[in-house]
Every structure is written in structure tokens, then in C-alpha cells.
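Novice: Data: coords-v2.cif, mmCIF, C-alpha atoms.
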data_target
loop_
_atom_site.label_atom_id
_atom_site.label_comp_id
_atom_site.auth_asym_id
_atom_site.auth_seq_id
_atom_site.Cartn_x
_atom_site.Cartn_y
_atom_site.Cartn_z
CA MET T 1 -87.65 -80.57 -94.15
CA SER T 2 -91.31 -80.70 -94.97
CA ALA T 3 -93.25 -79.01 -97.69
CA GLU T 4 -96.50 -78.99 -95.76
CA PHE T 5 -95.64 -76.18 -93.40
CA ASP T 6 -93.24 -73.33 -92.92
CA ILE T 7 -91.11 -73.25 -89.81
CA THR T 8 -91.57 -70.00 -87.94
CA GLN T 9 -88.91 -70.56 -85.30
CA THR T 10 -86.45 -73.22 -84.15
CA LEU T 11 -85.82 -74.13 -80.53
CA ASP T 12 -82.57 -75.92 -79.81
CA VAL T 13 -82.72 -78.08 -76.68
CA GLN T 14 -79.90 -80.43 -77.61
CA GLY T 15 -78.20 -81.87 -74.54
CA GLU T 16 -81.08 -80.98 -72.27
CA SER T 17 -83.09 -83.61 -70.52
CA CYS T 18 -86.48 -83.98 -68.87
CA PRO T 19 -88.32 -81.77 -68.11
CA MET T 20 -86.55 -79.01 -70.05
CA PRO T 21 -87.52 -79.91 -73.65
CA VAL T 22 -91.23 -79.72 -72.76
CA VAL T 23 -90.85 -76.72 -70.46
CA LYS T 24 -88.88 -74.73 -73.04
CA THR T 25 -91.23 -75.75 -75.84
CA LYS T 26 -94.12 -74.37 -73.81
CA GLY T 27 -92.20 -71.13 -73.23
CA ALA T 28 -91.33 -70.73 -76.91
CA ILE T 29 -94.91 -71.47 -78.04
CA ASP T 30 -96.22 -68.81 -75.66
CA ASP T 31 -94.13 -66.19 -77.46
CA LEU T 32 -95.43 -67.11 -80.93
CA ASP T 33 -98.55 -66.00 -82.78
CA ALA T 34 -101.41 -68.30 -83.69
CA GLY T 35 -100.60 -70.31 -86.81
CA ALA T 36 -96.86 -70.29 -86.17
CA VAL T 37 -94.88 -73.55 -86.34
CA LEU T 38 -92.14 -74.25 -83.82
CA GLU T 39 -89.37 -76.68 -84.66
CA VAL T 40 -87.87 -78.29 -81.55
CA VAL T 41 -84.53 -80.06 -81.90
CA ALA T 42 -83.66 -82.36 -79.00
CA THR T 43 -81.24 -85.14 -78.14
CA ASP T 44 -83.41 -86.50 -75.32
CA SER T 45 -85.10 -89.67 -76.60
CA GLY T 46 -87.80 -89.21 -73.97
CA SER T 47 -88.84 -86.03 -75.74
CA MET T 48 -90.66 -88.14 -78.38
CA SER T 49 -93.22 -89.35 -75.87
CA ASP T 50 -93.13 -86.22 -73.71
CA ILE T 51 -93.73 -83.65 -76.46
CA GLU T 52 -96.50 -85.83 -77.87
CA GLY T 53 -98.13 -86.12 -74.44
CA TRP T 54 -97.74 -82.43 -73.77
CA ALA T 55 -99.24 -81.47 -77.14
CA SER T 56 -102.25 -83.74 -76.74
CA GLY T 57 -102.88 -82.51 -73.20
CA THR T 58 -102.49 -78.83 -73.96
CA ASP T 59 -105.08 -76.56 -75.56
CA GLY T 60 -104.03 -74.41 -78.46
CA VAL T 61 -101.19 -76.55 -79.80
CA GLU T 62 -101.04 -79.28 -82.42
CA LEU T 63 -98.19 -81.72 -82.95
CA LEU T 64 -97.63 -81.83 -86.71
CA THR T 65 -94.95 -84.49 -86.90
CA GLN T 66 -91.90 -85.92 -85.16
CA GLU T 67 -88.70 -87.16 -86.75
CA GLU T 68 -85.77 -89.15 -85.49
CA SER T 69 -82.39 -89.39 -87.17
CA ASP T 70 -78.79 -89.66 -86.04
CA GLY T 71 -79.66 -89.20 -82.38
CA LEU T 72 -81.65 -86.05 -83.09
CA TYR T 73 -85.32 -85.90 -82.19
CA THR T 74 -87.13 -83.15 -84.05
CA HIS T 75 -90.65 -82.06 -83.29
CA TYR T 76 -92.93 -79.69 -85.19
CA VAL T 77 -95.63 -78.00 -83.14
CA ARG T 78 -98.20 -75.57 -84.48
CA LYS T 79 -99.78 -72.95 -82.27
CA THR T 80 -103.45 -73.14 -83.19
CA GLU T 81 -104.94 -70.36 -81.09
CA MET L 1 -153.47 -66.69 -78.91
CA ASN L 2 -154.14 -70.04 -80.54
CA ASP L 3 -154.31 -72.66 -77.86
CA VAL L 4 -154.45 -76.17 -79.30
CA SER L 5 -153.96 -77.89 -75.99
CA THR L 6 -156.83 -79.88 -74.66
CA ASP L 7 -155.51 -79.61 -71.13
CA THR L 8 -157.59 -77.41 -68.96
CA PRO L 9 -155.54 -75.13 -66.76
CA THR L 10 -156.30 -76.08 -63.21
CA ALA L 11 -155.55 -74.65 -59.83
CA PRO L 12 -152.02 -75.56 -58.58
CA ASP L 13 -151.91 -79.21 -57.66
CA ASP L 14 -150.15 -80.39 -54.50
CA ASP L 15 -147.79 -82.69 -56.44
CA LEU L 16 -147.21 -80.91 -59.70
CA PRO L 17 -144.92 -77.90 -59.84
CA SER L 18 -146.19 -74.96 -61.85
CA ARG L 19 -144.64 -74.00 -65.16
CA ALA L 20 -143.06 -70.98 -63.52
CA GLU L 21 -141.48 -73.16 -60.86
CA LEU L 22 -140.10 -75.50 -63.51
CA ALA L 23 -138.72 -72.59 -65.49
CA ALA L 24 -137.02 -71.29 -62.37
CA ARG L 25 -135.50 -74.70 -61.73
CA VAL L 26 -134.23 -74.97 -65.29
CA ALA L 27 -132.66 -71.52 -64.97
CA ASP L 28 -130.95 -72.59 -61.72
CA LEU L 29 -129.62 -75.76 -63.32
CA GLU L 30 -128.33 -73.89 -66.35
CA GLU L 31 -126.56 -71.46 -64.08
CA SER L 32 -124.84 -74.16 -62.03
CA LEU L 33 -123.92 -76.04 -65.21
CA ALA L 34 -122.30 -72.90 -66.59
CA GLU L 35 -120.37 -72.44 -63.34
CA ALA L 36 -119.21 -76.06 -63.36
CA THR L 37 -118.07 -75.80 -66.96
CA THR L 38 -116.18 -72.57 -66.29
CA ASP L 39 -114.37 -74.10 -63.31
CA ASP L 40 -113.09 -76.89 -65.53
CA ASP L 41 -111.04 -74.41 -67.53
CA GLY L 42 -108.52 -74.01 -64.75
CA LYS L 43 -106.64 -77.27 -64.24
CA ARG L 44 -104.89 -77.40 -60.90
CA MET L 45 -102.22 -79.55 -59.29
CA SER L 46 -101.23 -79.62 -55.66
CA ILE L 47 -97.99 -81.25 -54.48
CA ILE L 48 -96.85 -81.74 -50.90
CA ALA L 49 -93.03 -81.96 -50.75
CA THR L 50 -91.74 -83.48 -47.52
CA LYS L 51 -88.27 -84.76 -48.44
CA GLY L 52 -85.04 -82.80 -48.65
CA THR L 53 -82.49 -85.20 -50.09
CA LEU L 54 -80.95 -84.44 -53.49
CA ASP L 55 -82.77 -87.30 -55.20
CA MET L 56 -86.14 -86.49 -53.64
CA ALA L 57 -85.93 -82.81 -54.54
CA TYR L 58 -86.30 -83.67 -58.22
CA PRO L 59 -89.72 -85.34 -58.52
CA PRO L 60 -91.79 -82.43 -57.15
CA LEU L 61 -89.81 -79.84 -59.14
CA ILE L 62 -89.95 -81.77 -62.41
CA LEU L 63 -93.65 -82.51 -62.05
CA ALA L 64 -94.44 -78.93 -61.01
CA SER L 65 -92.68 -77.35 -63.99
CA THR L 66 -94.08 -79.90 -66.42
CA ALA L 67 -97.63 -79.46 -65.14
CA ALA L 68 -97.19 -75.71 -65.52
CA ALA L 69 -96.20 -76.36 -69.15
CA PHE L 70 -99.52 -78.22 -69.52
CA GLY L 71 -101.31 -75.13 -68.29
CA TYR L 72 -101.94 -76.32 -64.75
CA GLU L 73 -102.02 -73.86 -61.89
CA VAL L 74 -99.53 -75.52 -59.55
CA THR L 75 -98.89 -75.12 -55.84
CA VAL L 76 -96.13 -77.01 -54.02
CA PHE L 77 -96.43 -77.03 -50.25
CA HIS L 78 -93.01 -77.70 -48.68
CA THR L 79 -92.91 -79.03 -45.17
CA PHE L 80 -90.33 -80.66 -42.87
CA TRP L 81 -87.20 -81.57 -44.88
CA GLY L 82 -88.94 -80.43 -48.05
CA LEU L 83 -88.30 -76.87 -46.83
CA ASP L 84 -84.61 -77.31 -47.66
CA ILE L 85 -85.46 -77.36 -51.38
CA LEU L 86 -86.69 -73.76 -51.05
CA HIS L 87 -83.99 -72.63 -48.63
CA GLU L 88 -81.55 -70.47 -50.56
CA GLU L 89 -78.40 -71.80 -48.87
CA ARG L 90 -79.45 -75.34 -48.03
CA SER L 91 -80.89 -76.03 -51.50
CA LYS L 92 -77.35 -75.70 -52.91
CA ASN L 93 -76.10 -78.43 -50.58
CA LEU L 94 -78.76 -81.11 -50.72
CA LYS L 95 -77.28 -84.49 -49.87
CA LEU L 96 -77.83 -87.98 -51.08
CA SER L 97 -77.98 -90.60 -48.36
CA SER L 98 -75.63 -93.54 -48.84
CA VAL L 99 -77.63 -95.57 -46.31
CA GLY L 100 -81.13 -96.91 -46.62
CA ASN L 101 -81.16 -97.20 -50.39
CA PRO L 102 -80.30 -100.76 -51.49
CA ASN L 103 -79.76 -99.50 -55.05
CA MET L 104 -76.69 -97.52 -54.03
CA PRO L 105 -73.48 -98.94 -55.49
CA MET L 106 -72.09 -99.83 -52.07
CA PRO L 107 -73.15 -102.02 -49.15
CA ASN L 108 -75.19 -100.23 -46.49
CA LEU L 109 -72.54 -101.10 -43.92
CA LEU L 110 -69.89 -99.14 -45.84
CA GLY L 111 -72.39 -96.36 -46.54
CA ALA L 112 -72.63 -95.74 -42.82
CA LEU L 113 -68.92 -94.85 -42.62
CA PRO L 114 -68.03 -91.15 -42.13
CA GLY L 115 -67.78 -89.16 -45.35
CA MET L 116 -69.81 -91.62 -47.42
CA ASP L 117 -72.81 -89.30 -47.85
CA ARG L 118 -70.43 -86.68 -49.21
CA MET L 119 -69.01 -89.19 -51.65
CA THR L 120 -72.36 -90.48 -52.95
CA THR L 121 -73.61 -86.90 -53.21
CA ALA L 122 -70.57 -85.92 -55.26
CA MET L 123 -71.13 -88.94 -57.52
CA MET L 124 -74.74 -87.94 -58.07
CA GLU L 125 -73.83 -84.32 -58.71
CA LYS L 126 -71.29 -85.43 -61.31
CA ARG L 127 -73.92 -87.54 -63.04
CA ILE L 128 -76.37 -84.63 -63.01
CA SER L 129 -73.72 -82.42 -64.55
CA ASP L 130 -72.54 -85.04 -67.10
CA ASN L 131 -76.10 -85.68 -68.26
CA GLU L 132 -76.88 -81.96 -68.36
CA THR L 133 -79.82 -82.65 -66.09
CA ALA L 134 -81.23 -79.38 -64.78
CA THR L 135 -80.01 -78.44 -61.30
CA VAL L 136 -82.39 -77.97 -58.40
CA GLU L 137 -81.80 -74.23 -58.62
CA GLU L 138 -82.59 -74.13 -62.35
CA LEU L 139 -85.79 -76.09 -61.79
CA ILE L 140 -86.90 -73.73 -59.03
CA GLU L 141 -86.19 -70.65 -61.19
CA THR L 142 -87.93 -72.21 -64.20
CA SER L 143 -90.95 -73.20 -62.13
CA LEU L 144 -91.24 -69.73 -60.60
CA ASP L 145 -91.03 -68.19 -64.08
CA MET L 146 -93.88 -70.43 -65.16
CA GLY L 147 -96.06 -69.30 -62.31
CA VAL L 148 -95.67 -72.25 -59.92
CA GLU L 149 -96.42 -71.19 -56.36
CA PHE L 150 -93.94 -72.57 -53.84
CA GLN L 151 -95.18 -72.48 -50.28
CA ALA L 152 -93.03 -72.89 -47.18
CA CYS L 153 -94.93 -74.32 -44.21
CA GLN L 154 -94.78 -71.78 -41.39
CA MET L 155 -94.91 -74.33 -38.59
CA THR L 156 -91.88 -76.23 -39.88
CA ILE L 157 -89.98 -73.00 -40.68
CA GLU L 158 -90.17 -72.28 -36.97
CA LEU L 159 -89.57 -75.89 -35.95
CA MET L 160 -86.36 -76.01 -37.99
CA GLY L 161 -85.28 -72.59 -36.75
CA TYR L 162 -85.23 -71.06 -40.26
CA ASP L 163 -85.92 -67.43 -41.05
CA GLU L 164 -88.52 -66.43 -43.65
CA GLU L 165 -85.86 -64.30 -45.35
CA GLU L 166 -83.70 -67.34 -46.03
CA PHE L 167 -85.95 -68.73 -48.75
CA HIS L 168 -85.76 -68.14 -52.49
CA ASP L 169 -87.42 -64.96 -53.73
CA GLY L 170 -91.01 -65.63 -54.69
CA VAL L 171 -91.57 -68.36 -52.10
CA ARG L 172 -94.78 -67.85 -50.16
CA THR L 173 -94.39 -68.13 -46.40
CA GLY L 174 -96.96 -67.84 -43.66
CA VAL L 175 -99.03 -70.79 -44.81
CA GLY L 176 -100.17 -73.90 -42.99
CA ALA L 177 -101.93 -77.19 -43.44
CA ALA L 178 -105.29 -75.52 -44.06
CA THR L 179 -103.85 -73.79 -47.14
CA ALA L 180 -102.55 -77.13 -48.37
CA ILE L 181 -105.91 -78.81 -47.78
CA GLN L 182 -107.69 -76.02 -49.63
CA ASP L 183 -105.31 -76.36 -52.57
CA MET L 184 -105.71 -80.14 -52.62
CA ALA L 185 -109.50 -79.86 -52.46
CA ASP L 186 -109.46 -77.57 -55.50
CA ALA L 187 -106.90 -79.62 -57.43
CA ASP L 188 -107.32 -82.17 -60.20
CA ILE L 189 -104.05 -83.86 -59.22
CA GLN L 190 -102.77 -84.19 -55.65
CA LEU L 191 -99.38 -85.69 -54.83
CA LEU L 192 -97.44 -86.33 -51.65
CA VAL L 193 -93.70 -86.60 -52.27
#
Let me see whether you can do it: turn the structure in this file into C-alpha cells.
Specialist:
Amino acid sequence: MSAEFDITQTLDVQGESCPMPVVKTKGAIDDLDAGAVLEVVATDSGSMSDIEGWASGTDGVELLTQEESDGLYTHYVRKTE
Amino acid sequence: MNDVSTDTPTAPDDDLPSRAELAARVADLEESLAEATTDDDGKRMSIIATKGTLDMAYPPLILASTAAAFGYEVTVFHTFWGLDILHEERSKNLKLSSVGNPNMPMPNLLGALPGMDRMTTAMMEKRISDNETATVEELIETSLDMGVEFQACQMTIELMGYDEEEFHDGVRTGVGAATAIQDMADADIQLLV
């Protein structure tokens, strides 16, 4: 989807609602190595604001970009440390 | 040693601290600054959960698990009806009150009729299931996995006639208000739900 980074792993949280997209993103990030990029695919529109807020309030992660199309909200989070 | 200072060393003055005293003070300050900075690493949240209806079980559980995802060390102190959220049997049968909430889709007068709480609870449970909202049980399990500490107030366990064995695995019993106060004092965020 983007040429700027390689996706290490994809987390599918379609159908799940608050707080699960954030909670599961945190769990998946914990299992990755530094530098890895997690793709999170959600259907919860609140995940746009929530994942952004979580990433900015959490050490060691960086939100690369977020995309919205056809009711899918996709987030790319890099584990920085 | 090359001393370019024109000051003449004098006997200790009453008002002026000696260089050694100042150095000691600086060392003390640096030490307490280091301690204060280290303490900031651990963000903490303390929630007091006092309600046991289906709707009021959600806010503390959602906030606890989300804060844990932010890296907070979270404690949730459950007291009075809030104990039911942690009670293995009762947490599966939390009810929604059809009276006292003007937002309910029925007049309060009708809500007071027998069986209405069961009906509104079933409606809410259907919505939770239709929306794939996490259940209370899932949120408790998730929170425990993330290291949230659930505490069951000992005084209200006894007041309600519950047994310590009846709570979810991992729930801490044998705690009282002083534990809650200590947690709140140490916390960056304190909430009463």
C-alpha cells in the first residue's frame, strides 16, 4: 500500500469496537521487534482518533499513517524501541 | 596552584555557607531530582468502581484496559455493587435498570413493572452482541492479561455475604480503603465510577 515502509505483520480487528482495537494493537506491538511495522485493519471509525491518541501517548511507537476507504480504517504503527 | 581570585579566604561567616556545604546541597538536590525523574517513568491510574449495573460495569473496564495499553500501571478498587463486576457468577448476570434512567426507551412508570429490568437487560445484551462490543468477561480477562490489578474491597465482601473464592482468578482480596488511598496518592489519574 505504501512504498515507504514494509509491513511486518497485519492485525485484523474488523468488527471489534472500543477498546479492543487499541488494546489488541498494544498486544501485537509488544510481540514485535524494534523497527517492525504493524498494519491494523479496523471497521471501528473511532479507531482513527483512538490509535492516534494511543500512539502519541505511548513511548516506543510511532504512527506512520492512517487510511480510510470503504468502511475500513487502516493504521500503520512502527515500533521504534 | 594558580589562584587568580582576589578574594581572600576568610573564616566561616555566620550568613554564608561554605563551599563544602554548597556542594553537599547541590549533591542532595541532584539526587532528589534523579529520584523524581525516575518516578515519572511509571504512569499510574487508580479507579474506584462502585456500581454493578451492566452499563456501569463498562466504563471502569474499558478505561482500565485502555490505560494499560498506554503503559499505565492500573489498579481498580471494587466496592459495594462494583464487587459484582468481579464476582464470577454475578458478573455474568449484570442487570440494566429500566427505572431511573430517562434515556431508556420506555416511561419510568412502565419500567417499574415486574420483568422490565429483564427486558431492558436483554435488549442491551442484544445490542452488545450485535455491535460485537466486548463482553464484561472479555474485558476482565483482557485487563488481567495486561496486568491490571483488580481489587475486591474486603469490608464490602463481608457486608454482601460473598466468599473470597467466588471472585475471578487473579482478583486481589483482603484490601481496604487505605490501599485505595495509597493507590490514588501514587496515581497520575484517579477516577470514581
Novice: Please evaluate the PyMOL selection byres ((chain T and resi 6) around 12) against the structure above and give the resulting residues as a list in words.
Specialist: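 Evaluating the PyMOL selection byres ((chain T and resi 6) around 12) on this file yields Met1, Ser2, Ala3, Glu4, Phe5, Ile7, Thr8, Gln9, Thr10, Gly35, Ala36, Val37, Leu38, Glu39, Leu64, Tyr76, Val77 and Arg78 of chain T.
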Novice: At what distance in Å, to one decimal, does atom CA of L:Leu144 lie from atom CA of T:Thr74?
Specialist: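 Calculated distance between atom CA of T:Thr74 and atom CA of L:Leu144 is 27.3 Å.
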Novice: Just to confirm, what's the straight-line distance from atom CA of L:Ala27 to atom CA of L:Asp186 in Å (one decimal)?
Specialist: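 Pair atom CA of L:Ala27 / atom CA of L:Asp186 returns 25.8 Å.
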Novice: Evaluated on this file, the PyMOL selection byres ((chain L) within 6 of (chain T)) picks out some residues - which ones are they, written as a list of chain:residue names?
Specialist: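 Selection result, ordered by chain and number: L:Ile62, L:Ala69, L:Phe70, L:Glu132, L:Thr133.
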Novice: Restricting the calculation to only C-alpha atoms: of L:Glu35, L:Glu73, L:Asp188, L:Asp117, which residue gets closest to L:Glu149?
Specialist: L:Glu73
Novice: Figure out the distance between atom CA of L:Ala49 and atom CA of L:Val193, please, to one decimal in Å.
Specialist: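 Atom CA of L:Ala49 lies at a distance of 4.9 Å from atom CA of L:Val193.
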Novice: Could you write out as a ChimeraX atom specification the residues that the PyMOL selection byres ((chain L and resi 92-106) around 7) matches in the shown file?
Specialist: /L:52-55,89-91,107-108,110-112,116-117,120-121
Novice: Nearest to T:Ser49 among T:Asp33, T:Val61, T:His75, T:Asp70, with distances taken over only C-alpha atoms: which residue is it?
Specialist: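 Counting only C-alpha atoms, the residue closest to T:Ser49 is T:His75.
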Novice: Looking at all atoms listed in the file, which of T:Val41, T:Ala28, T:Val13, T:Ala34 is the one that sits closest to T:Gln66?
Specialist: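 Between T:Val41, T:Ala28, T:Val13, T:Ala34, the residue approaching T:Gln66 most closely is T:Val41.
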Novice: Name all residues at most 9 Å from stretch 79-84 of chain L (count all atoms listed in the file; drop same-chain ones fewer than 2 positions away) and give them as a list of chain:residue names.
Specialist: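 That gives L:Ile48, L:Ala49, L:Thr50, L:Lys51, L:Gly52, L:Thr53, L:Met56, L:Ala57, L:Phe77, L:Leu86, L:His87, L:Glu88, L:Glu89, L:Arg90, L:Ser91, L:Leu94, L:Gln151, L:Ala152, L:Cys153, L:Gln154, L:Met155, L:Thr156, L:Ile157, L:Leu159, L:Met160, L:Phe167, L:Val193.
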Novice: Would you mind telling me which residue in L:Arg118, L:Ile189, L:Asn131, L:Val171 lies nearest to T:Thr43 when using only C-alpha atoms?
Specialist: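 Smallest distance to T:Thr43 is found for L:Asn131.
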Novice: Write out as number ranges by chain each polymer residue whose atoms come within 9 Å of L:Thr142, counting all atoms listed in the file; drop sequence neighbours fewer than 5 positions from it.
Specialist: T: 23; L: 65, 137, 147-148
Novice: Could you give me, as a VMD selection string, the residues within 8 Å of T:Gly71, counting all atoms listed in the file and dropping anything in the same chain fewer than 2 positions from it?
Specialist: chain T and resid 43 45 68 to 69 73
